[in-house]
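**Q** Coordinates in upload-v8.tsv, TSV, C-alpha atoms, are listed below.
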chain	number	residue	atom	x	y	z
A	222	MET	CA	141.19	96.27	95.31
A	223	GLU	CA	143.10	98.63	93.03
A	224	VAL	CA	143.62	102.38	92.97
A	225	THR	CA	143.22	104.23	89.68
A	226	THR	CA	143.09	107.86	88.55
A	227	ARG	CA	140.43	109.28	86.26
A	228	PRO	CA	141.01	112.69	84.60
A	229	VAL	CA	137.81	114.73	84.51
A	230	ARG	CA	137.04	117.86	82.50
A	231	GLY	CA	140.29	117.82	80.57
A	232	GLY	CA	142.44	117.25	83.66
A	233	MET	CA	140.93	120.07	85.72
A	234	PHE	CA	140.22	117.27	88.20
A	235	ASN	CA	142.17	114.06	88.69
A	236	VAL	CA	140.01	111.64	90.62
A	237	GLU	CA	141.49	108.89	92.76
A	238	VAL	CA	139.19	105.87	92.57
A	239	LEU	CA	139.15	102.64	94.58
A	240	ARG	CA	137.91	99.66	92.55
A	241	GLY	CA	137.33	96.06	93.45
A	242	GLY	CA	135.23	92.98	92.87
A	243	SER	CA	133.55	91.71	89.74
A	244	GLY	CA	130.10	91.78	88.23
A	245	SER	CA	127.79	94.67	87.44
A	246	PRO	CA	129.06	98.05	88.67
A	247	VAL	CA	127.86	99.88	91.77
A	248	LEU	CA	128.92	103.42	92.71
A	249	PHE	CA	129.81	104.18	96.35
A	250	LEU	CA	130.20	107.76	97.63
A	251	HIS	CA	131.95	108.18	100.96
A	252	GLY	CA	131.14	110.36	103.96
A	253	ALA	CA	132.77	113.34	105.62
A	254	MET	CA	135.23	111.14	107.53
A	255	GLY	CA	136.80	110.00	104.28
A	256	LEU	CA	137.11	106.76	102.33
A	257	ASN	CA	138.66	103.45	103.29
A	258	TRP	CA	138.17	100.08	101.64
A	259	ASP	CA	136.37	98.46	104.58
A	260	GLY	CA	134.39	95.31	105.28
A	261	PHE	CA	131.23	96.70	103.74
A	262	LEU	CA	132.93	97.37	100.39
A	263	ASP	CA	134.40	93.87	100.61
A	264	GLU	CA	130.87	92.52	100.95
A	265	LEU	CA	129.66	94.56	97.96
A	266	ALA	CA	132.62	93.34	95.92
A	267	THR	CA	131.53	89.72	96.29
A	268	ARG	CA	128.75	90.41	93.75
A	269	HIS	CA	129.58	93.74	92.10
A	270	THR	CA	132.40	95.80	90.71
A	271	VAL	CA	132.64	98.59	93.27
A	272	VAL	CA	133.63	102.05	92.01
A	273	ALA	CA	134.45	104.35	94.94
A	274	PRO	CA	135.86	107.80	94.05
A	275	PHE	CA	137.36	110.22	96.54
A	276	ILE	CA	135.46	113.51	96.73
A	277	PRO	CA	137.70	116.39	95.51
A	278	GLY	CA	139.92	117.43	98.41
A	279	TYR	CA	139.95	113.92	99.90
A	280	GLY	CA	142.60	111.31	99.23
A	281	GLY	CA	144.49	111.99	96.03
A	282	THR	CA	141.62	113.70	94.19
A	283	SER	CA	142.63	117.18	93.06
A	284	GLY	CA	140.68	120.18	91.85
A	285	ASP	CA	138.47	121.11	94.80
A	286	GLU	CA	139.61	124.72	94.39
A	287	HIS	CA	137.43	124.81	91.25
A	288	LEU	CA	134.29	123.98	93.26
A	289	LEU	CA	132.68	127.04	94.80
A	290	ASP	CA	129.51	125.48	96.17
A	291	PHE	CA	127.47	122.29	96.42
A	292	HIS	CA	125.95	122.72	92.95
A	293	ASP	CA	129.47	122.75	91.50
A	294	LEU	CA	130.13	119.47	93.31
A	295	ILE	CA	127.06	117.84	91.76
A	296	THR	CA	128.11	118.99	88.28
A	297	PHE	CA	131.58	117.57	88.94
A	298	PHE	CA	130.10	114.17	89.78
A	299	LEU	CA	127.96	114.19	86.63
A	300	ASP	CA	131.15	114.85	84.65
A	301	PHE	CA	132.91	112.02	86.51
A	302	LEU	CA	130.06	109.61	85.74
A	303	ASP	CA	130.21	110.58	82.07
A	304	ALA	CA	133.99	110.11	82.01
A	305	GLU	CA	133.58	106.65	83.54
A	306	GLY	CA	130.69	105.77	81.25
A	307	LEU	CA	128.56	104.88	84.27
A	308	ARG	CA	124.82	104.66	83.67
A	309	ASN	CA	122.01	102.31	84.67
A	310	LEU	CA	123.64	101.28	87.93
A	311	PRO	CA	122.89	101.44	91.66
A	312	ILE	CA	124.32	104.32	93.68
A	313	ILE	CA	125.12	104.09	97.39
A	314	GLY	CA	126.09	107.08	99.52
A	315	HIS	CA	127.02	107.48	103.17
A	316	SER	CA	126.66	110.74	105.15
A	317	ILE	CA	127.64	113.60	102.81
A	318	GLY	CA	128.02	110.93	100.13
A	319	GLY	CA	124.35	110.12	100.72
A	320	MET	CA	123.49	113.78	100.29
A	321	ILE	CA	125.38	113.79	96.97
A	322	ALA	CA	123.75	110.52	95.88
A	323	ALA	CA	120.26	111.87	96.59
A	324	GLU	CA	120.99	115.04	94.61
A	325	LEU	CA	122.35	113.06	91.66
A	326	ALA	CA	119.30	110.78	91.69
A	327	ALA	CA	117.07	113.86	91.68
A	328	VAL	CA	118.96	115.66	88.92
A	329	GLN	CA	119.28	112.61	86.62
A	330	PRO	CA	116.67	110.12	87.81
A	331	ASP	CA	117.03	107.94	84.70
A	332	ARG	CA	120.74	107.28	85.30
A	333	PHE	CA	120.36	105.14	88.44
A	334	THR	CA	118.52	101.85	88.90
A	335	LYS	CA	118.58	101.85	92.72
A	336	LEU	CA	119.44	104.38	95.43
A	337	VAL	CA	120.83	103.46	98.85
A	338	LEU	CA	121.21	106.24	101.41
A	339	ILE	CA	123.25	105.36	104.50
A	340	ALA	CA	122.69	107.97	107.24
A	341	PRO	CA	122.62	110.79	104.65
A	342	THR	CA	122.83	114.47	105.45
A	343	GLY	CA	120.86	117.00	103.42
A	344	LEU	CA	117.67	117.61	105.38
A	345	TRP	CA	117.34	119.83	108.43
A	346	ASP	CA	115.03	119.59	111.45
A	347	PRO	CA	115.60	122.33	114.06
A	348	ALA	CA	114.02	120.10	116.70
A	349	ASN	CA	116.63	117.39	116.02
A	350	PRO	CA	119.77	119.17	114.83
A	351	VAL	CA	122.66	117.28	113.34
A	352	LEU	CA	125.74	117.33	115.57
A	353	ASP	CA	128.15	120.13	114.66
A	354	PHE	CA	131.11	117.81	114.24
A	355	PHE	CA	133.33	120.70	113.17
A	356	VAL	CA	133.50	121.88	116.79
A	357	ALA	CA	132.82	118.60	118.64
A	358	SER	CA	135.61	117.28	120.85
A	359	PRO	CA	137.32	114.06	119.73
A	360	THR	CA	135.52	112.17	122.53
A	361	ASP	CA	132.10	113.52	121.57
A	362	LEU	CA	132.78	112.81	117.91
A	363	ALA	CA	133.82	109.23	118.64
A	364	GLN	CA	130.62	108.67	120.64
A	365	ALA	CA	128.56	110.01	117.73
A	366	LEU	CA	130.36	107.96	115.10
A	367	TYR	CA	130.64	104.61	116.89
A	368	PHE	CA	128.33	102.60	119.13
A	369	ASP	CA	131.17	100.47	120.53
A	370	GLN	CA	133.53	102.87	122.25
A	371	ASP	CA	136.02	100.05	122.87
A	372	SER	CA	136.47	99.38	119.16
A	373	GLU	CA	139.74	100.37	117.52
A	374	PRO	CA	138.10	102.94	115.15
A	375	ALA	CA	136.38	104.62	118.13
A	376	LYS	CA	139.61	104.74	120.10
A	377	ARG	CA	141.42	106.29	117.14
A	378	ALA	CA	138.69	108.89	116.72
A	379	ALA	CA	138.80	109.83	120.42
A	380	TYR	CA	142.59	109.78	120.74
A	381	THR	CA	144.29	113.00	121.81
A	382	PRO	CA	148.09	112.93	122.23
A	383	GLU	CA	149.45	114.11	125.57
A	384	ASP	CA	152.27	116.21	124.11
A	385	ALA	CA	151.63	119.62	122.54
A	386	GLU	CA	153.30	118.73	119.23
A	387	GLY	CA	151.15	115.62	118.89
A	388	ARG	CA	147.96	117.54	119.67
A	389	VAL	CA	148.81	120.11	116.99
A	390	ALA	CA	149.49	117.35	114.44
A	391	VAL	CA	146.17	115.63	115.20
A	392	ALA	CA	144.32	118.96	115.06
A	393	LEU	CA	145.87	119.82	111.69
A	394	GLU	CA	144.96	116.42	110.26
A	395	ARG	CA	141.41	116.83	111.48
A	396	VAL	CA	141.14	120.32	109.96
A	397	LYS	CA	142.46	118.95	106.67
A	398	SER	CA	139.92	116.11	106.60
A	399	LEU	CA	136.99	118.40	107.46
A	400	ARG	CA	137.98	121.39	105.33
A	401	VAL	CA	136.19	120.16	102.22
A	402	ALA	CA	133.17	118.90	104.15
A	403	ALA	CA	132.78	122.34	105.72
A	404	LYS	CA	132.38	123.87	102.26
A	405	TYR	CA	129.18	121.86	101.77
A	406	LEU	CA	127.90	121.14	105.29
A	407	TRP	CA	128.64	124.20	107.43
A	408	PRO	CA	126.91	125.90	109.20
A	409	ILE	CA	124.03	123.45	108.62
A	410	PRO	CA	123.84	120.56	106.13
A	411	ASN	CA	120.95	122.00	104.13
A	412	ARG	CA	121.52	122.96	100.51
A	413	GLY	CA	117.92	122.80	99.35
A	414	LEU	CA	117.61	119.06	98.80
A	415	ASN	CA	114.03	119.20	100.13
A	416	LYS	CA	113.13	121.27	97.02
A	417	ARG	CA	114.40	118.58	94.63
A	418	ILE	CA	114.03	115.30	96.49
A	419	HIS	CA	110.58	114.69	94.99
A	420	ARG	CA	112.27	114.07	91.62
A	421	ILE	CA	113.89	110.85	92.86
A	422	SER	CA	112.26	107.94	91.06
A	423	ALA	CA	114.72	105.11	91.71
A	424	PRO	CA	113.66	102.51	94.28
A	425	THR	CA	115.29	103.72	97.48
A	426	LEU	CA	116.60	102.00	100.61
A	427	ILE	CA	117.45	104.15	103.63
A	428	VAL	CA	119.85	102.57	106.15
A	429	TRP	CA	120.54	104.07	109.56
A	430	GLY	CA	122.40	103.15	112.70
A	431	ALA	CA	119.82	103.03	115.48
A	432	ASP	CA	122.29	104.70	117.86
A	433	ASP	CA	123.54	107.45	115.54
A	434	LEU	CA	124.33	110.49	117.71
A	435	LEU	CA	125.66	112.59	114.83
A	436	ASN	CA	122.71	112.36	112.45
A	437	PRO	CA	119.64	111.35	114.52
A	438	PRO	CA	117.70	108.29	113.27
A	439	SER	CA	114.56	110.44	113.12
A	440	TYR	CA	115.94	111.74	109.81
A	441	ALA	CA	115.45	108.27	108.33
A	442	GLN	CA	111.69	108.79	108.48
A	443	ALA	CA	112.07	112.35	107.19
A	444	PHE	CA	113.87	111.08	104.09
A	445	SER	CA	111.43	108.21	103.66
A	446	ALA	CA	108.43	110.56	103.82
A	447	LYS	CA	109.86	112.62	100.95
A	448	ILE	CA	110.92	109.73	98.66
A	449	PRO	CA	107.86	107.81	97.42
A	450	GLY	CA	108.07	104.05	97.87
A	451	SER	CA	111.28	104.14	99.91
A	452	ARG	CA	111.82	101.93	102.94
A	453	VAL	CA	113.94	102.22	106.07
A	454	GLU	CA	116.29	99.67	107.61
A	455	LEU	CA	117.48	100.48	111.15
A	456	ILE	CA	120.63	98.62	112.21
A	457	PRO	CA	120.86	98.04	115.98
A	458	ASN	CA	124.07	98.54	117.96
A	459	ALA	CA	125.49	100.94	115.37
A	460	ALA	CA	126.04	104.68	115.17
A	461	HIS	CA	126.86	107.01	112.26
A	462	GLN	CA	129.60	104.80	110.81
A	463	VAL	CA	127.06	101.99	110.56
A	464	GLN	CA	128.56	100.33	107.48
A	465	GLU	CA	131.96	100.26	109.19
A	466	GLU	CA	130.64	98.92	112.50
A	467	ARG	CA	128.13	96.42	111.10
A	468	PRO	CA	129.34	95.65	107.56
A	469	ARG	CA	127.62	92.27	107.30
A	470	ALA	CA	124.28	93.55	108.59
A	471	VAL	CA	124.31	96.51	106.19
A	472	ALA	CA	125.38	94.30	103.29
A	473	GLU	CA	122.56	91.85	104.05
A	474	ALA	CA	120.11	94.73	103.68
A	475	VAL	CA	121.75	96.31	100.64
A	476	LEU	CA	122.82	93.41	98.42
A	477	PRO	CA	119.36	91.88	97.87
A	478	PHE	CA	117.94	95.35	97.33
A	479	ILE	CA	120.37	96.29	94.54
A	480	ALA	CA	120.44	92.83	92.96
The structure in this file should be written as structure tokens.
**A**
Amino acid sequence: MEVTTRPVRGGMFNVEVLRGGSGSPVLFLHGAMGLNWDGFLDELATRHTVVAPFIPGYGGTSGDEHLLDFHDLITFFLDFLDAEGLRNLPIIGHSIGGMIAAELAAVQPDRFTKLVLIAPTGLWDPANPVLDFFVASPTDLAQALYFDQDSEPAKRAAYTPEDAEGRVAVALERVKSLRVAAKYLWPIPNRGLNKRIHRISAPTLIVWGADDLLNPPSYAQAFSAKIPGSRVELIPNAAHQVQEERPRAVAEAVLPFIA
């Protein structure tokens, strides 16, 4: 895996991009918790060249101050794709990255050959609200993100230092990581995708952790009902970070689909 920087729109944005693997390209858009090169991306990289940009405000990607709303973010990604020369490729998005991927596939349906949505946000059901992770305690957030509470990622997510200085540092880091997500997801993750989702024409796979307490699995059927010909793959013993918890299982669903 290598880290590169792609100037976009004449340097208004400088996009940090993780790249790895070989073969035909696939675009991966990360979720609200950020981007790490994990086991799932390793699996993708066995057959594809993975292109995984940081959303502006995450990692080393600059320029989020130029984005006023979600529509600005979609235009930014179209500019990024043009700068990279990416067309006729599969797109995979997790969480807010899934929301972005669905919007891109609706705005430019001819650009993408396949669409994979992993626990995407973007639809809203008052009877099954998405967890407000901006105010959730670290323990509640860890339980929503991870099925196995004894795993190292779950322990890190739930960790609260005992000393005041440590608690402040953790709180500041959390605010930093969620600041950009709040621009597009708060107070509810609904930016009108339901008005445009019918334009998606790419074959679509919807992957969900069966034990997702952040974004209820009932949304998998809601997305599927709105995207003609799509299918749903529920992964047992996994929560919202399903591709991190069960990388092989998710890859076994995704790789044949995007082949």
**Q** Which residues, written as number ranges by chain, have at least one atom at most 9 Å from segment 412-418 of chain A, with only C-alpha atoms counted and residues fewer than 3 positions away on the same chain left out?
**A** A: 291-292, 320, 323-324, 326-328, 343-345, 405-406, 409, 421, 444, 447-448
**Q** Just the residues within 12 Å of Gly231 of chain A, please, counting only C-alpha atoms, with nothing from its chain fewer than 4 positions along; format it as a list in words.
**A**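 Surrounding residues, per the criterion: Arg227, Asn235, Val236, Gly284, Asp300, Phe301 and Ala304 of chain A.
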**Q** Atoms to include: C-alpha atoms. Write the selected residues as a PDB file, in the frame of the given file.
**A**
ATOM      1  CA  ARG A 227     140.430 109.280  86.260  1.00  0.00           C
ATOM      2  CA  ASN A 235     142.170 114.060  88.690  1.00  0.00           C
ATOM      3  CA  VAL A 236     140.010 111.640  90.620  1.00  0.00           C
ATOM      4  CA  GLY A 284     140.680 120.180  91.850  1.00  0.00           C
ATOM      5  CA  ASP A 300     131.150 114.850  84.650  1.00  0.00           C
ATOM      6  CA  PHE A 301     132.910 112.020  86.510  1.00  0.00           C
ATOM      7  CA  ALA A 304     133.990 110.110  82.010  1.00  0.00           C
TER       8      ALA A 304
END
**Q** Using only C-alpha atoms, which residues sit within 8 Å of segment 427-435 of chain A once same-chain residues fewer than 4 positions away are excluded, as a PyMOL selection string?
**A** chain A and resi 337-340+351-354+362+364-368+441+444-445+451-463+471
**Q** I'd like the neighbourhood of Ala266 of chain A as a PyMOL selection string, where a residue qualifies if any of its atoms comes within 10 Å (using only C-alpha atoms), though same-chain residues fewer than 4 positions away should be ignored.
**A** chain A and resi 222+240-247+260-262+270-272
**Q** Tell me, counting all atoms listed in the file, for each residue of segment 391-457 of chain A within 12 Å of segment 307-312 of chain A, which pair of atoms is nearest and how far apart they are in Å to one decimal, in rows ordered by chain and increasing number, as a Markdown table.
**A**
| residue | atom | partner | partner_atom | distance |
| --- | --- | --- | --- | --- |
| A:Ala423 | CA | A:Pro311 | CA | 9.0 |
| A:Pro424 | CA | A:Pro311 | CA | 9.7 |
| A:Thr425 | CA | A:Ile312 | CA | 9.8 |
| A:Leu426 | CA | A:Ile312 | CA | 10.6 |
**Q** Rounded to one decimal place, report the atom CA of Leu476 of chain A-atom CA of Arg377 of chain A distance in Å.
**A** 29.4 Å
**Q** Between A:Pro437, A:Gly314, A:Gly255, A:Gly319, single out the one closest to Gly278 of chain A, counting all atoms listed in the file.
**A**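 The answer is A:Gly255, which sits nearest to Gly278 of chain A.
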**Q** Restricting the calculation to all atoms listed in the file: of A:Gln370, A:Ser316, A:Thr282, A:Ser422, which residue gets closest to Phe297 of chain A?
**A**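 Ranking A:Gln370, A:Ser316, A:Thr282, A:Ser422 by distance to Phe297 of chain A, first place goes to A:Thr282.
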**Q** For a test of reading the model, state the distance in Å between atom CA of Ile317 of chain A and atom CA of Val356 of chain A, rounded to one decimal.
**A**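 Here the two named atoms are 17.3 Å from each other.
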**Q** Just how far from atom CA of Phe249 of chain A is atom CA of Glu466 of chain A, in Å to one decimal?
**A**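 Computing it gives 17.0 Å between the two atoms.
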**Q** Please complete segment 304-335 of chain A with N, CA and C atoms and give it back as a compact mmCIF listing (two decimals), in the frame of the given file.
**A**
# COMPACT_ATOMS: atom_id res chain seq x y z
N ALA A 304 132.64 110.54 82.34
CA ALA A 304 133.99 110.11 82.01
C ALA A 304 134.17 108.61 82.23
N GLU A 305 133.50 108.07 83.24
CA GLU A 305 133.58 106.65 83.54
C GLU A 305 132.62 105.82 82.69
N GLY A 306 131.70 106.49 82.02
CA GLY A 306 130.69 105.77 81.25
C GLY A 306 129.71 105.01 82.13
N LEU A 307 129.42 105.56 83.31
CA LEU A 307 128.56 104.88 84.27
C LEU A 307 127.11 105.35 84.11
N ARG A 308 126.25 104.39 83.85
CA ARG A 308 124.82 104.66 83.67
C ARG A 308 124.07 103.36 83.95
N ASN A 309 122.82 103.49 84.37
CA ASN A 309 122.01 102.31 84.67
C ASN A 309 122.68 101.42 85.73
N LEU A 310 122.98 102.01 86.85
CA LEU A 310 123.64 101.28 87.93
C LEU A 310 123.09 101.77 89.27
N PRO A 311 123.27 100.96 90.33
CA PRO A 311 122.89 101.44 91.66
C PRO A 311 123.91 102.44 92.19
N ILE A 312 123.44 103.36 93.02
CA ILE A 312 124.32 104.32 93.68
C ILE A 312 124.08 104.24 95.17
N ILE A 313 125.17 104.18 95.93
CA ILE A 313 125.12 104.09 97.39
C ILE A 313 125.93 105.25 97.95
N GLY A 314 125.37 105.97 98.91
CA GLY A 314 126.09 107.08 99.52
C GLY A 314 125.94 107.08 101.02
N HIS A 315 127.03 107.40 101.71
CA HIS A 315 127.02 107.48 103.17
C HIS A 315 127.27 108.92 103.61
N SER A 316 126.46 109.43 104.55
CA SER A 316 126.66 110.74 105.15
C SER A 316 126.61 111.81 104.05
N ILE A 317 127.66 112.61 103.89
CA ILE A 317 127.64 113.60 102.81
C ILE A 317 127.58 112.91 101.45
N GLY A 318 128.14 111.69 101.37
CA GLY A 318 128.02 110.93 100.13
C GLY A 318 126.57 110.56 99.84
N GLY A 319 125.77 110.35 100.90
CA GLY A 319 124.35 110.12 100.72
C GLY A 319 123.63 111.35 100.23
N MET A 320 124.05 112.50 100.74
CA MET A 320 123.49 113.78 100.29
C MET A 320 123.77 113.98 98.81
N ILE A 321 125.01 113.66 98.38
CA ILE A 321 125.38 113.79 96.97
C ILE A 321 124.59 112.79 96.13
N ALA A 322 124.47 111.56 96.63
CA ALA A 322 123.75 110.52 95.88
C ALA A 322 122.29 110.91 95.68
N ALA A 323 121.66 111.45 96.72
CA ALA A 323 120.26 111.87 96.59
C ALA A 323 120.12 112.99 95.57
N GLU A 324 121.04 113.95 95.58
CA GLU A 324 120.99 115.04 94.61
C GLU A 324 121.17 114.52 93.19
N LEU A 325 122.12 113.61 92.99
CA LEU A 325 122.35 113.06 91.66
C LEU A 325 121.12 112.30 91.17
N ALA A 326 120.49 111.54 92.07
CA ALA A 326 119.30 110.78 91.69
C ALA A 326 118.12 111.69 91.41
N ALA A 327 118.12 112.89 91.98
CA ALA A 327 117.07 113.86 91.68
C ALA A 327 117.34 114.60 90.38
N VAL A 328 118.61 114.90 90.13
CA VAL A 328 118.96 115.66 88.92
C VAL A 328 118.86 114.79 87.67
N GLN A 329 119.33 113.53 87.76
CA GLN A 329 119.28 112.61 86.62
C GLN A 329 118.63 111.30 87.06
N PRO A 330 117.34 111.30 87.28
CA PRO A 330 116.67 110.12 87.81
C PRO A 330 116.76 108.89 86.91
N ASP A 331 116.96 109.08 85.60
CA ASP A 331 117.03 107.94 84.70
C ASP A 331 118.40 107.25 84.69
N ARG A 332 119.39 107.85 85.33
CA ARG A 332 120.74 107.28 85.30
C ARG A 332 120.90 106.11 86.27
N PHE A 333 120.13 106.09 87.36
CA PHE A 333 120.36 105.14 88.44
C PHE A 333 119.20 104.16 88.58
N THR A 334 119.54 102.88 88.75
CA THR A 334 118.52 101.85 88.90
C THR A 334 118.03 101.72 90.33
N LYS A 335 118.92 101.93 91.30
CA LYS A 335 118.58 101.85 92.72
C LYS A 335 119.36 102.93 93.46
